[in-house]
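Structure data (compact mmCIF, N, CA and C atoms) from input-v1.txt:
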```
# COMPACT_ATOMS: atom_id res chain seq x y z
N MET A 9 -59.18 -12.58 7.45
CA MET A 9 -59.45 -12.38 6.05
C MET A 9 -59.96 -10.96 5.86
N ASP A 10 -59.36 -10.22 4.95
CA ASP A 10 -59.83 -8.87 4.73
C ASP A 10 -60.92 -8.83 3.66
N THR A 11 -61.56 -7.68 3.49
CA THR A 11 -62.68 -7.52 2.57
C THR A 11 -62.31 -7.83 1.12
N SER A 12 -61.13 -7.44 0.68
CA SER A 12 -60.74 -7.68 -0.71
C SER A 12 -60.65 -9.17 -1.01
N THR A 13 -60.23 -9.96 -0.04
CA THR A 13 -60.17 -11.40 -0.24
C THR A 13 -61.56 -11.98 -0.38
N VAL A 14 -62.50 -11.54 0.40
CA VAL A 14 -63.87 -12.02 0.34
C VAL A 14 -64.48 -11.70 -1.02
N LEU A 15 -64.23 -10.50 -1.52
CA LEU A 15 -64.78 -10.11 -2.82
C LEU A 15 -64.22 -10.96 -3.94
N LEU A 16 -62.99 -11.43 -3.83
CA LEU A 16 -62.40 -12.28 -4.85
C LEU A 16 -62.95 -13.70 -4.78
N VAL A 17 -63.29 -14.16 -3.60
CA VAL A 17 -63.77 -15.53 -3.42
C VAL A 17 -65.23 -15.67 -3.83
N LEU A 18 -66.08 -14.71 -3.52
CA LEU A 18 -67.51 -14.84 -3.78
C LEU A 18 -67.87 -15.07 -5.24
N PRO A 19 -67.32 -14.30 -6.20
CA PRO A 19 -67.68 -14.57 -7.59
C PRO A 19 -67.29 -15.97 -8.02
N CYS A 20 -66.15 -16.44 -7.56
CA CYS A 20 -65.69 -17.78 -7.91
C CYS A 20 -66.64 -18.82 -7.32
N ALA A 21 -67.03 -18.64 -6.07
CA ALA A 21 -67.96 -19.57 -5.44
C ALA A 21 -69.29 -19.58 -6.17
N HIS A 22 -69.76 -18.41 -6.59
CA HIS A 22 -71.01 -18.34 -7.34
C HIS A 22 -70.90 -19.13 -8.63
N TRP A 23 -69.78 -19.03 -9.32
CA TRP A 23 -69.58 -19.75 -10.57
C TRP A 23 -69.62 -21.26 -10.33
N VAL A 24 -68.97 -21.72 -9.28
CA VAL A 24 -68.97 -23.15 -8.95
C VAL A 24 -70.37 -23.63 -8.63
N PHE A 25 -71.11 -22.89 -7.79
CA PHE A 25 -72.45 -23.32 -7.42
C PHE A 25 -73.43 -23.23 -8.58
N SER A 26 -73.24 -22.27 -9.48
CA SER A 26 -74.09 -22.18 -10.67
C SER A 26 -73.91 -23.41 -11.53
N GLY A 27 -72.68 -23.86 -11.69
CA GLY A 27 -72.41 -25.06 -12.47
C GLY A 27 -73.02 -26.29 -11.84
N MET A 28 -72.99 -26.36 -10.51
CA MET A 28 -73.58 -27.50 -9.81
C MET A 28 -75.09 -27.51 -9.99
N ALA A 29 -75.71 -26.35 -9.94
CA ALA A 29 -77.16 -26.27 -10.10
C ALA A 29 -77.57 -26.72 -11.49
N GLU A 30 -76.78 -26.34 -12.49
CA GLU A 30 -77.08 -26.76 -13.86
C GLU A 30 -76.95 -28.27 -14.01
N LYS A 31 -75.93 -28.87 -13.39
CA LYS A 31 -75.75 -30.32 -13.44
C LYS A 31 -76.92 -31.02 -12.75
N ASN A 32 -77.34 -30.50 -11.58
CA ASN A 32 -78.46 -31.09 -10.86
C ASN A 32 -79.73 -31.03 -11.68
N GLU A 33 -79.94 -29.92 -12.41
CA GLU A 33 -81.12 -29.79 -13.25
C GLU A 33 -81.11 -30.83 -14.36
N ASN A 34 -79.93 -31.04 -14.97
CA ASN A 34 -79.81 -32.05 -16.02
C ASN A 34 -80.04 -33.45 -15.48
N ILE A 35 -79.54 -33.72 -14.29
CA ILE A 35 -79.75 -35.02 -13.67
C ILE A 35 -81.24 -35.24 -13.42
N ALA A 36 -81.92 -34.23 -12.89
CA ALA A 36 -83.36 -34.34 -12.61
C ALA A 36 -84.13 -34.58 -13.90
N LYS A 37 -83.77 -33.90 -14.97
CA LYS A 37 -84.45 -34.09 -16.26
C LYS A 37 -84.20 -35.48 -16.82
N GLN A 38 -82.97 -35.97 -16.71
CA GLN A 38 -82.66 -37.31 -17.20
C GLN A 38 -83.41 -38.37 -16.39
N PHE A 39 -83.44 -38.18 -15.07
CA PHE A 39 -84.17 -39.11 -14.21
C PHE A 39 -85.65 -39.11 -14.59
N GLY A 40 -86.21 -37.93 -14.76
CA GLY A 40 -87.63 -37.82 -15.12
C GLY A 40 -87.95 -38.49 -16.43
N ALA A 41 -87.06 -38.34 -17.41
CA ALA A 41 -87.27 -38.98 -18.71
C ALA A 41 -87.24 -40.50 -18.56
N ASN A 42 -86.31 -41.01 -17.75
CA ASN A 42 -86.25 -42.46 -17.50
C ASN A 42 -87.52 -42.94 -16.81
N LEU A 43 -87.96 -42.21 -15.81
CA LEU A 43 -89.15 -42.56 -15.06
C LEU A 43 -90.37 -42.63 -15.98
N ARG A 44 -90.54 -41.61 -16.81
CA ARG A 44 -91.68 -41.56 -17.74
C ARG A 44 -91.63 -42.72 -18.74
N LYS A 45 -90.45 -42.99 -19.28
CA LYS A 45 -90.28 -44.06 -20.27
C LYS A 45 -90.66 -45.41 -19.67
N ILE A 46 -90.18 -45.68 -18.47
CA ILE A 46 -90.49 -46.95 -17.81
C ILE A 46 -91.98 -47.05 -17.49
N ARG A 47 -92.53 -45.96 -16.94
CA ARG A 47 -93.95 -45.96 -16.59
C ARG A 47 -94.83 -46.19 -17.81
N LYS A 48 -94.57 -45.45 -18.86
CA LYS A 48 -95.38 -45.59 -20.08
C LYS A 48 -95.17 -46.96 -20.72
N GLY A 49 -93.96 -47.49 -20.63
CA GLY A 49 -93.67 -48.82 -21.16
C GLY A 49 -94.49 -49.91 -20.47
N GLN A 50 -94.92 -49.62 -19.27
CA GLN A 50 -95.74 -50.56 -18.50
C GLN A 50 -97.22 -50.19 -18.57
N ASN A 51 -97.56 -49.22 -19.40
CA ASN A 51 -98.94 -48.75 -19.55
C ASN A 51 -99.57 -48.34 -18.22
N LEU A 52 -98.78 -47.65 -17.41
CA LEU A 52 -99.25 -47.17 -16.11
C LEU A 52 -99.43 -45.65 -16.17
N THR A 53 -100.36 -45.15 -15.39
CA THR A 53 -100.53 -43.71 -15.26
C THR A 53 -99.65 -43.21 -14.12
N GLN A 54 -99.48 -41.90 -14.06
CA GLN A 54 -98.74 -41.33 -12.94
C GLN A 54 -99.46 -41.63 -11.63
N VAL A 55 -100.78 -41.62 -11.66
CA VAL A 55 -101.57 -41.91 -10.46
C VAL A 55 -101.33 -43.35 -10.01
N ASP A 56 -101.27 -44.29 -10.96
CA ASP A 56 -101.00 -45.69 -10.61
C ASP A 56 -99.68 -45.82 -9.85
N VAL A 57 -98.64 -45.24 -10.41
CA VAL A 57 -97.31 -45.36 -9.81
C VAL A 57 -97.26 -44.60 -8.48
N ALA A 58 -97.84 -43.42 -8.45
CA ALA A 58 -97.86 -42.64 -7.22
C ALA A 58 -98.54 -43.42 -6.10
N PHE A 59 -99.66 -44.05 -6.41
CA PHE A 59 -100.39 -44.83 -5.41
C PHE A 59 -99.52 -45.97 -4.88
N ASP A 60 -98.91 -46.73 -5.79
CA ASP A 60 -98.08 -47.86 -5.38
C ASP A 60 -96.84 -47.43 -4.60
N ALA A 61 -96.31 -46.25 -4.94
CA ALA A 61 -95.11 -45.75 -4.26
C ALA A 61 -95.44 -44.88 -3.04
N GLU A 62 -96.74 -44.68 -2.81
CA GLU A 62 -97.20 -43.83 -1.71
C GLU A 62 -96.66 -42.40 -1.83
N LEU A 63 -96.77 -41.87 -3.05
CA LEU A 63 -96.35 -40.50 -3.34
C LEU A 63 -97.54 -39.72 -3.86
N GLU A 64 -97.46 -38.41 -3.80
CA GLU A 64 -98.50 -37.56 -4.36
C GLU A 64 -98.41 -37.56 -5.88
N PRO A 65 -99.52 -37.67 -6.59
CA PRO A 65 -99.47 -37.63 -8.06
C PRO A 65 -98.81 -36.35 -8.59
N SER A 66 -99.00 -35.23 -7.92
CA SER A 66 -98.37 -33.98 -8.36
C SER A 66 -96.84 -34.07 -8.25
N TYR A 67 -96.36 -34.82 -7.28
CA TYR A 67 -94.92 -35.03 -7.13
C TYR A 67 -94.39 -35.87 -8.29
N MET A 68 -95.16 -36.86 -8.71
CA MET A 68 -94.79 -37.68 -9.87
C MET A 68 -94.64 -36.79 -11.10
N THR A 69 -95.56 -35.86 -11.27
CA THR A 69 -95.50 -34.94 -12.40
C THR A 69 -94.23 -34.10 -12.34
N ARG A 70 -93.91 -33.57 -11.16
CA ARG A 70 -92.70 -32.76 -11.01
C ARG A 70 -91.44 -33.59 -11.27
N LEU A 71 -91.44 -34.85 -10.81
CA LEU A 71 -90.30 -35.72 -11.06
C LEU A 71 -90.12 -35.97 -12.56
N GLU A 72 -91.20 -36.33 -13.22
CA GLU A 72 -91.11 -36.63 -14.65
C GLU A 72 -90.74 -35.41 -15.48
N ASN A 73 -91.10 -34.23 -15.02
CA ASN A 73 -90.77 -33.01 -15.74
C ASN A 73 -89.40 -32.45 -15.35
N GLY A 74 -88.71 -33.13 -14.45
CA GLY A 74 -87.39 -32.69 -14.03
C GLY A 74 -87.39 -31.47 -13.14
N ARG A 75 -88.54 -31.18 -12.51
CA ARG A 75 -88.63 -30.00 -11.64
C ARG A 75 -88.37 -30.34 -10.18
N SER A 76 -88.26 -31.62 -9.86
CA SER A 76 -87.93 -32.05 -8.49
C SER A 76 -86.85 -33.12 -8.56
N GLU A 77 -85.99 -33.09 -7.57
CA GLU A 77 -84.94 -34.10 -7.47
C GLU A 77 -85.37 -35.13 -6.42
N PRO A 78 -85.42 -36.41 -6.80
CA PRO A 78 -85.86 -37.42 -5.85
C PRO A 78 -84.78 -37.74 -4.81
N SER A 79 -85.22 -38.07 -3.62
CA SER A 79 -84.29 -38.55 -2.60
C SER A 79 -83.98 -40.01 -2.90
N LEU A 80 -83.00 -40.55 -2.21
CA LEU A 80 -82.66 -41.96 -2.39
C LEU A 80 -83.85 -42.84 -2.04
N SER A 81 -84.56 -42.52 -0.97
CA SER A 81 -85.71 -43.34 -0.58
C SER A 81 -86.82 -43.27 -1.64
N THR A 82 -86.99 -42.11 -2.28
CA THR A 82 -87.99 -41.99 -3.34
C THR A 82 -87.59 -42.85 -4.54
N ILE A 83 -86.32 -42.83 -4.90
CA ILE A 83 -85.85 -43.67 -6.01
C ILE A 83 -86.12 -45.14 -5.70
N LEU A 84 -85.88 -45.54 -4.47
CA LEU A 84 -86.10 -46.94 -4.07
C LEU A 84 -87.57 -47.32 -4.13
N VAL A 85 -88.47 -46.48 -3.63
CA VAL A 85 -89.89 -46.83 -3.67
C VAL A 85 -90.44 -46.80 -5.09
N LEU A 86 -89.91 -45.93 -5.94
CA LEU A 86 -90.33 -45.91 -7.33
C LEU A 86 -89.88 -47.19 -8.05
N ALA A 87 -88.65 -47.60 -7.80
CA ALA A 87 -88.16 -48.84 -8.42
C ALA A 87 -89.02 -50.02 -7.98
N LYS A 88 -89.38 -50.06 -6.71
CA LYS A 88 -90.22 -51.14 -6.20
C LYS A 88 -91.61 -51.08 -6.83
N ALA A 89 -92.20 -49.90 -6.91
CA ALA A 89 -93.53 -49.75 -7.48
C ALA A 89 -93.55 -50.13 -8.96
N LEU A 90 -92.46 -49.84 -9.67
CA LEU A 90 -92.38 -50.15 -11.10
C LEU A 90 -91.82 -51.55 -11.37
N LYS A 91 -91.38 -52.21 -10.29
CA LYS A 91 -90.79 -53.55 -10.39
C LYS A 91 -89.59 -53.57 -11.34
N VAL A 92 -88.71 -52.59 -11.13
CA VAL A 92 -87.47 -52.50 -11.89
C VAL A 92 -86.30 -52.31 -10.93
N LYS A 93 -85.10 -52.52 -11.45
CA LYS A 93 -83.90 -52.25 -10.66
C LYS A 93 -83.66 -50.74 -10.64
N VAL A 94 -83.08 -50.27 -9.57
CA VAL A 94 -82.75 -48.84 -9.43
C VAL A 94 -81.91 -48.39 -10.62
N THR A 95 -81.03 -49.25 -11.09
CA THR A 95 -80.15 -48.88 -12.20
C THR A 95 -80.94 -48.51 -13.46
N GLU A 96 -82.12 -49.08 -13.63
CA GLU A 96 -82.94 -48.73 -14.79
C GLU A 96 -83.43 -47.28 -14.70
N LEU A 97 -83.75 -46.84 -13.51
CA LEU A 97 -84.17 -45.46 -13.31
C LEU A 97 -83.01 -44.48 -13.50
N LEU A 98 -81.80 -44.96 -13.25
CA LEU A 98 -80.62 -44.09 -13.31
C LEU A 98 -79.85 -44.25 -14.61
N GLU A 99 -80.32 -45.07 -15.50
CA GLU A 99 -79.61 -45.36 -16.74
C GLU A 99 -79.32 -44.10 -17.55
N GLY A 100 -78.07 -43.97 -17.97
CA GLY A 100 -77.67 -42.85 -18.82
C GLY A 100 -77.44 -41.54 -18.10
N ILE A 101 -77.63 -41.50 -16.80
CA ILE A 101 -77.43 -40.26 -16.06
C ILE A 101 -75.94 -40.08 -15.78
N GLU A 102 -75.42 -38.93 -16.21
CA GLU A 102 -74.02 -38.63 -16.00
C GLU A 102 -73.89 -37.41 -15.09
N ILE A 103 -72.87 -37.47 -14.23
CA ILE A 103 -72.64 -36.33 -13.34
C ILE A 103 -71.35 -35.64 -13.72
```

File written out as structure tokens:
Amino acid sequence: MDTSTVLLVLPCAHWVFSGMAEKNENIAKQFGANLRKIRKGQNLTQVDVAFDAELEPSYMTRLENGRSEPSLSTILVLAKALKVKVTELLEGIEI
């Protein structure tokens, strides 16, 4: 591969990855909104849920604000702590 080919590929790759980052940010925000709605609907604090899920309260804040993306295991422990199905946490999230 010569240098001119690399220069043509990099801008395109940047565009694709930028779009993916934006989608991930929207997914994190949607997840956080669902998490907050469910938690508040149960009259629980972030500390309550964090304790039951064995997570740091500051991580709960980042999740609810859409600043962190949860792993699959985090989604599972949150669903268990909130006594809801995983699908409730993921409701309305589009990729």

From the list A:Glu77, A:Ala89, A:Asn42, A:Leu84, which residue is nearest A:Phe59 when using all atoms listed in the file? A:Ala89

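Proximity to A:Ser79 was assessed for A:Phe39, A:Arg47, A:Ile103, A:Glu30 counting only C-alpha atoms; the smallest distance is recorded for A:Phe39.
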
If you count only C-alpha atoms, the residue of A:Ala61, A:Ala87, A:Ala41, A:Val94 closest to A:Gly74 turns out to be A:Ala41

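Between atom CA of A:Asn51 and atom CA of A:Thr82 the separation is 20.7 Å.
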
Please return as number ranges by chain: the residues of stretch 34-93 of chain A that backbone DSSP assigns to helix (DSSP H, G or I). A: 34-49, 54-61, 65-72, 80-90

Could you pull the residues within 10 Å of A:Gln50, counting only C-alpha atoms, minus those fewer than 5 positions along the same chain, as a PyMOL selection string? chain A and resi 44-45+90-91

Give the padded box for stretch 92-95 of chain A as AutoDock Vina command-line options: axis-aligned, covering all atoms listed in the file, 5 Å on each side, centre and edge lengths in Å to one decimal.
```
--center_x -84.4 --center_y -50.5 --center_z -11.4 --size_x 18.6 --size_y 14.2 --size_z 14.0
```

I'd like the interatomic distance between atom C of A:Ser76 and atom CA of A:Ala36, to a tenth of an Å. 5.5 Å

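One distance worth recording is that between atom CA of A:Ile46 and atom CA of A:Asn32, which is 21.1 Å.
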